[in-house]
Amino acid sequence: MSTRAVRQRPTSTSKQPSQKEEATTASASAPSASRWAVSQTLTSTANLANLLPTGTLLAFQLLTPLFTNNGVCDSVTRLLTLLLLLLLGLSCFLACFTDSVKASDGKVYHGLATPTGLWVFDYPDGSGTGLPKDLRSYKIRPIDWVHSVLSVLVFSAVALRDKNVVSCFYPRPQHETQEVLDIVPVAIGLLCSLLFVVFPTTRHGIGYPLTPSTSSSS
């Protein structure tokens with residue numbers, strides 16, 4: 001009887017991942033996904049700085065490291081930092097009541113909205129003969145108060161995300177305080193961004209970007 005060679009069944013070199021390896025991979029991808037979501041949320045919150053007056057935001061970025069001593073505060077610098085934040089917040093509040101108007105010379109001038117109209121304060125001619133005759137359409141409206149409050153809230157969210165400000169007022173925050181500092185600014189940013197979309201404004205105040213039609217006339 002002839003002997004036939006027994007052919008062995010080829011064995012697969014690839015191994016199926018074990019349950020332990022799958023669990024490890026899942027646990028590694030979960031934090032990555034959560035970190036990505038947090039990063040995207042913080043990026044959206046940082047973009048809210050575009051809704052603030054550019055001069056106020058620039059002053060905040062330049063003066064905060066100086067006033068806080070790069071986050072290392074004592075009783076004096078902490079008080080000065082608090083006063084600085086209050087003044088910048090007031091600047092954001094008042095900037096929402098400013099507006100721009102085009103004069104007969106083609107230039108754009110700025111003014112402060114009042115209950116009766118617009119008070120233009122940078123027009124070279126005190127008589128205002130080159131300005132539109134009817135400025136009553138620029139008077140204060142309820143939406144201006146909404147935007148002023150939202151602007152202050154956005155500034156607060158940006159300030160609470162600044163490491164120098166946080167280190168100044170909370171050098172060693174507790175776990176609960178750190179959670180509040182991580183969550184509240186993001187929540188404020190998301191809420192304000194939604195409200196800014198729902199309640200838009202047509203004002204082009206000091207420090208805010210002009211629309212193409214307005215800027216082309218300047």
# chains A, B, ... in the order shown; residues from 1 in each chain; ligands from 1
$ residues_around --residues "Ser100 (chain A)" --least-positions-apart "2" --cutoff "6 Å" --atoms "only C-alpha atoms" --output "ChimeraX atom specification"
/A:109-110,204-205
$ residues_around --residues "Val165 (chain A)" --least-positions-apart "3" --cutoff "9 Å" --atoms "only C-alpha atoms" --output "ChimeraX atom specification"
/A:64-65,68,70-71,81,159-162,168-170
$ select_by_dssp --residues "region 40-124 of chain A" --states "strand (DSSP E or B)" --output "PyMOL selection string"
chain A and resi 98-102+108-113+118-120
$ residues_around --residues "Leu80 (chain A)" --least-positions-apart "3" --cutoff "12 Å" --atoms "only C-alpha atoms" --output "list in words"
Leu63, Thr64, Pro65, Leu66, Phe67, Thr68, Asn69, Cys73, Asp74, Ser75, Val76, Thr77, Leu83, Leu84, Leu85, Leu86, Leu87, Val165, Cys168 and Phe169 of chain A
$ residues_around --residues "Arg141 (chain A)" --least-positions-apart "2" --cutoff "12 Å" --atoms "only C-alpha atoms" --output "mmCIF file with N, CA and C atoms, in the first residue's frame"
data_model
loop_
_atom_site.group_PDB
_atom_site.id
_atom_site.type_symbol
_atom_site.label_atom_id
_atom_site.label_comp_id
_atom_site.auth_asym_id
_atom_site.auth_seq_id
_atom_site.Cartn_x
_atom_site.Cartn_y
_atom_site.Cartn_z
ATOM 1 N N CYS A 96 -21.550 98.263 23.429
ATOM 2 C CA CYS A 96 -22.761 97.786 22.751
ATOM 3 C C CYS A 96 -23.747 98.907 22.475
ATOM 4 N N PHE A 97 -23.549 100.073 23.082
ATOM 5 C CA PHE A 97 -24.430 101.214 22.866
ATOM 6 C C PHE A 97 -23.812 102.232 21.916
ATOM 7 N N THR A 98 -22.713 101.888 21.288
ATOM 8 C CA THR A 98 -22.094 102.756 20.297
ATOM 9 C C THR A 98 -22.486 102.292 18.902
ATOM 10 N N ALA A 113 -25.424 105.789 21.386
ATOM 11 C CA ALA A 113 -26.876 105.738 21.283
ATOM 12 C C ALA A 113 -27.512 106.279 22.556
ATOM 13 N N THR A 114 -28.517 107.107 22.393
ATOM 14 C CA THR A 114 -29.263 107.694 23.502
ATOM 15 C C THR A 114 -30.741 107.359 23.316
ATOM 16 N N PRO A 115 -31.574 107.641 24.313
ATOM 17 C CA PRO A 115 -33.017 107.357 24.147
ATOM 18 C C PRO A 115 -33.676 108.144 23.022
ATOM 19 N N THR A 116 -33.051 109.219 22.558
ATOM 20 C CA THR A 116 -33.649 110.042 21.495
ATOM 21 C C THR A 116 -32.952 109.901 20.154
ATOM 22 N N GLY A 117 -31.794 109.293 20.103
ATOM 23 C CA GLY A 117 -31.086 109.177 18.836
ATOM 24 C C GLY A 117 -29.627 108.817 19.047
ATOM 25 N N LEU A 118 -28.765 109.334 18.171
ATOM 26 C CA LEU A 118 -27.330 109.039 18.228
ATOM 27 C C LEU A 118 -26.563 110.327 18.460
ATOM 28 N N ARG A 136 -32.804 109.497 14.701
ATOM 29 C CA ARG A 136 -33.643 108.861 15.707
ATOM 30 C C ARG A 136 -33.687 107.346 15.558
ATOM 31 N N SER A 137 -33.380 106.838 14.369
ATOM 32 C CA SER A 137 -33.385 105.385 14.177
ATOM 33 C C SER A 137 -32.242 104.696 14.915
ATOM 34 N N TYR A 138 -31.274 105.476 15.386
ATOM 35 C CA TYR A 138 -30.139 104.913 16.116
ATOM 36 C C TYR A 138 -30.364 104.898 17.628
ATOM 37 N N LYS A 139 -31.546 105.242 18.085
ATOM 38 C CA LYS A 139 -31.779 105.333 19.521
ATOM 39 C C LYS A 139 -31.677 103.966 20.188
ATOM 40 N N ILE A 143 -32.912 95.408 22.454
ATOM 41 C CA ILE A 143 -31.907 94.431 22.059
ATOM 42 C C ILE A 143 -30.510 94.884 22.452
ATOM 43 N N ASP A 144 -30.306 96.204 22.584
ATOM 44 C CA ASP A 144 -28.996 96.698 22.993
ATOM 45 C C ASP A 144 -28.662 96.257 24.413
ATOM 46 N N TRP A 145 -29.654 96.246 25.288
ATOM 47 C CA TRP A 145 -29.431 95.788 26.663
ATOM 48 C C TRP A 145 -29.115 94.294 26.690
ATOM 49 N N VAL A 146 -29.778 93.544 25.821
ATOM 50 C CA VAL A 146 -29.502 92.106 25.756
ATOM 51 C C VAL A 146 -28.068 91.862 25.308
ATOM 52 N N HIS A 147 -27.643 92.586 24.279
ATOM 53 C CA HIS A 147 -26.287 92.395 23.773
ATOM 54 C C HIS A 147 -25.234 92.889 24.767
ATOM 55 N N SER A 148 -25.537 93.929 25.509
ATOM 56 C CA SER A 148 -24.568 94.416 26.493
ATOM 57 C C SER A 148 -24.345 93.382 27.595
ATOM 58 N N THR A 201 -27.699 91.846 16.069
ATOM 59 C CA THR A 201 -27.749 93.298 16.138
ATOM 60 C C THR A 201 -27.235 93.895 14.835
ATOM 61 N N THR A 202 -27.719 95.072 14.509
ATOM 62 C CA THR A 202 -27.275 95.762 13.298
ATOM 63 C C THR A 202 -26.317 96.904 13.615
ATOM 64 N N ARG A 203 -25.966 97.081 14.874
ATOM 65 C CA ARG A 203 -25.059 98.161 15.255
ATOM 66 C C ARG A 203 -23.625 97.801 14.887
#
$ closest_atom_pairs --of "region 164-212 of chain A" --to "region 51-60 of chain A" --cutoff "12 Å" --atoms "only C-alpha atoms" --output "JSON lines"
{"residue": "A:Asn164", "atom": "CA", "partner": "A:Phe60", "partner_atom": "CA", "distance": 11.1}
{"residue": "A:Val165", "atom": "CA", "partner": "A:Phe60", "partner_atom": "CA", "distance": 10.4}
{"residue": "A:Gly189", "atom": "CA", "partner": "A:Leu51", "partner_atom": "CA", "distance": 10.8}
{"residue": "A:Cys192", "atom": "CA", "partner": "A:Leu51", "partner_atom": "CA", "distance": 9.9}
{"residue": "A:Ser193", "atom": "CA", "partner": "A:Leu51", "partner_atom": "CA", "distance": 9.0}
{"residue": "A:Leu195", "atom": "CA", "partner": "A:Leu51", "partner_atom": "CA", "distance": 12.0}
{"residue": "A:Phe196", "atom": "CA", "partner": "A:Leu51", "partner_atom": "CA", "distance": 8.9}
{"residue": "A:Val197", "atom": "CA", "partner": "A:Leu51", "partner_atom": "CA", "distance": 11.3}
{"residue": "A:Pro200", "atom": "CA", "partner": "A:Leu51", "partner_atom": "CA", "distance": 11.3}
{"residue": "A:Thr201", "atom": "CA", "partner": "A:Leu51", "partner_atom": "CA", "distance": 11.3}
{"residue": "A:His204", "atom": "CA", "partner": "A:Pro53", "partner_atom": "CA", "distance": 10.4}
{"residue": "A:Gly205", "atom": "CA", "partner": "A:Pro53", "partner_atom": "CA", "distance": 8.5}
{"residue": "A:Ile206", "atom": "CA", "partner": "A:Pro53", "partner_atom": "CA", "distance": 7.0}
{"residue": "A:Gly207", "atom": "CA", "partner": "A:Pro53", "partner_atom": "CA", "distance": 4.3}
{"residue": "A:Tyr208", "atom": "CA", "partner": "A:Pro53", "partner_atom": "CA", "distance": 5.3}
{"residue": "A:Pro209", "atom": "CA", "partner": "A:Pro53", "partner_atom": "CA", "distance": 8.6}
{"residue": "A:Leu210", "atom": "CA", "partner": "A:Pro53", "partner_atom": "CA", "distance": 11.8}
$ write_last_selection --atoms "all heavy atoms" --output "compact mmCIF listing (two decimals), in the first residue's frame"
# COMPACT_ATOMS: atom_id res chain seq x y z
N ASN A 164 -3.62 83.10 33.64
CA ASN A 164 -3.11 84.08 34.60
C ASN A 164 -4.20 84.53 35.57
O ASN A 164 -3.95 84.67 36.76
CB ASN A 164 -2.53 85.28 33.86
CG ASN A 164 -1.27 84.94 33.09
OD1 ASN A 164 -0.46 84.12 33.53
ND2 ASN A 164 -1.10 85.55 31.93
N VAL A 165 -5.40 84.76 35.06
CA VAL A 165 -6.51 85.17 35.91
C VAL A 165 -6.88 84.06 36.88
O VAL A 165 -7.09 84.29 38.08
CB VAL A 165 -7.71 85.59 35.05
CG1 VAL A 165 -8.93 85.88 35.92
CG2 VAL A 165 -7.37 86.82 34.22
N GLY A 189 -20.20 80.26 27.14
CA GLY A 189 -19.86 80.49 25.75
C GLY A 189 -20.88 79.90 24.79
O GLY A 189 -21.29 80.55 23.83
N CYS A 192 -24.23 81.95 25.10
CA CYS A 192 -24.14 83.28 24.50
C CYS A 192 -24.05 83.20 22.98
O CYS A 192 -24.63 84.04 22.28
CB CYS A 192 -22.93 84.03 25.07
SG CYS A 192 -23.12 84.51 26.81
N SER A 193 -23.33 82.22 22.47
CA SER A 193 -23.23 82.08 21.02
C SER A 193 -24.60 81.80 20.42
O SER A 193 -24.94 82.31 19.34
CB SER A 193 -22.26 80.97 20.66
OG SER A 193 -22.72 79.72 21.17
N LEU A 195 -27.54 82.74 21.77
CA LEU A 195 -28.36 83.94 21.90
C LEU A 195 -27.93 85.03 20.91
O LEU A 195 -28.77 85.79 20.43
CB LEU A 195 -28.28 84.46 23.34
CG LEU A 195 -28.92 83.58 24.40
CD1 LEU A 195 -28.72 84.16 25.79
CD2 LEU A 195 -30.42 83.39 24.12
N PHE A 196 -26.63 85.11 20.62
CA PHE A 196 -26.18 86.08 19.63
C PHE A 196 -26.74 85.76 18.25
O PHE A 196 -26.98 86.67 17.44
CB PHE A 196 -24.66 86.13 19.58
CG PHE A 196 -24.05 87.13 20.51
CD1 PHE A 196 -23.27 86.73 21.57
CD2 PHE A 196 -24.24 88.48 20.31
CE1 PHE A 196 -22.71 87.65 22.43
CE2 PHE A 196 -23.68 89.41 21.17
CZ PHE A 196 -22.91 89.00 22.23
N VAL A 197 -26.91 84.47 17.97
CA VAL A 197 -27.49 84.08 16.68
C VAL A 197 -28.99 84.36 16.65
O VAL A 197 -29.54 84.84 15.65
CB VAL A 197 -27.20 82.59 16.40
CG1 VAL A 197 -27.94 82.12 15.15
CG2 VAL A 197 -25.71 82.36 16.24
N PRO A 200 -29.68 88.86 16.74
CA PRO A 200 -28.57 89.61 16.11
C PRO A 200 -28.77 91.11 16.27
O PRO A 200 -29.86 91.59 16.57
CB PRO A 200 -28.66 89.18 14.64
CG PRO A 200 -30.10 88.85 14.44
CD PRO A 200 -30.58 88.27 15.75
N THR A 201 -27.70 91.85 16.07
CA THR A 201 -27.75 93.30 16.14
C THR A 201 -27.23 93.90 14.83
O THR A 201 -26.41 93.28 14.14
CB THR A 201 -26.92 93.83 17.32
OG1 THR A 201 -27.05 95.25 17.38
CG2 THR A 201 -25.46 93.46 17.17
N HIS A 204 -22.85 98.83 14.57
CA HIS A 204 -21.42 98.68 14.27
C HIS A 204 -20.68 99.67 15.15
O HIS A 204 -20.27 100.73 14.71
CB HIS A 204 -21.14 98.92 12.79
CG HIS A 204 -22.02 98.13 11.87
ND1 HIS A 204 -21.89 96.77 11.73
CD2 HIS A 204 -23.07 98.50 11.09
CE1 HIS A 204 -22.81 96.33 10.88
NE2 HIS A 204 -23.53 97.36 10.49
N GLY A 205 -20.52 99.28 16.41
CA GLY A 205 -19.96 100.18 17.39
C GLY A 205 -18.45 100.22 17.36
O GLY A 205 -17.78 99.58 16.53
N ILE A 206 -17.89 100.95 18.31
CA ILE A 206 -16.44 101.10 18.42
C ILE A 206 -15.82 99.76 18.80
O ILE A 206 -16.22 99.13 19.78
CB ILE A 206 -16.10 102.17 19.47
CG1 ILE A 206 -16.69 103.52 19.07
CG2 ILE A 206 -14.59 102.28 19.66
CD1 ILE A 206 -16.50 104.60 20.10
N GLY A 207 -14.85 99.34 18.02
CA GLY A 207 -14.16 98.09 18.30
C GLY A 207 -14.77 96.88 17.66
O GLY A 207 -14.18 95.79 17.72
N TYR A 208 -15.93 97.03 17.03
CA TYR A 208 -16.57 95.91 16.36
C TYR A 208 -16.35 96.02 14.86
O TYR A 208 -16.28 97.13 14.31
CB TYR A 208 -18.07 95.88 16.66
CG TYR A 208 -18.39 95.50 18.08
CD1 TYR A 208 -18.67 96.49 19.02
CD2 TYR A 208 -18.42 94.18 18.48
CE1 TYR A 208 -18.96 96.15 20.33
CE2 TYR A 208 -18.71 93.83 19.78
CZ TYR A 208 -18.99 94.83 20.71
OH TYR A 208 -19.27 94.48 22.00
N PRO A 209 -16.28 94.87 14.15
CA PRO A 209 -16.04 94.94 12.70
C PRO A 209 -17.23 95.53 11.98
O PRO A 209 -18.38 95.33 12.35
CB PRO A 209 -15.82 93.47 12.32
CG PRO A 209 -16.52 92.69 13.39
CD PRO A 209 -16.36 93.49 14.65
N LEU A 210 -16.94 96.28 10.91
CA LEU A 210 -17.98 96.88 10.09
C LEU A 210 -18.41 95.91 8.99
O LEU A 210 -17.65 95.03 8.58
CB LEU A 210 -17.47 98.18 9.45
CG LEU A 210 -17.02 99.29 10.40
CD1 LEU A 210 -16.46 100.44 9.61
CD2 LEU A 210 -18.17 99.76 11.29
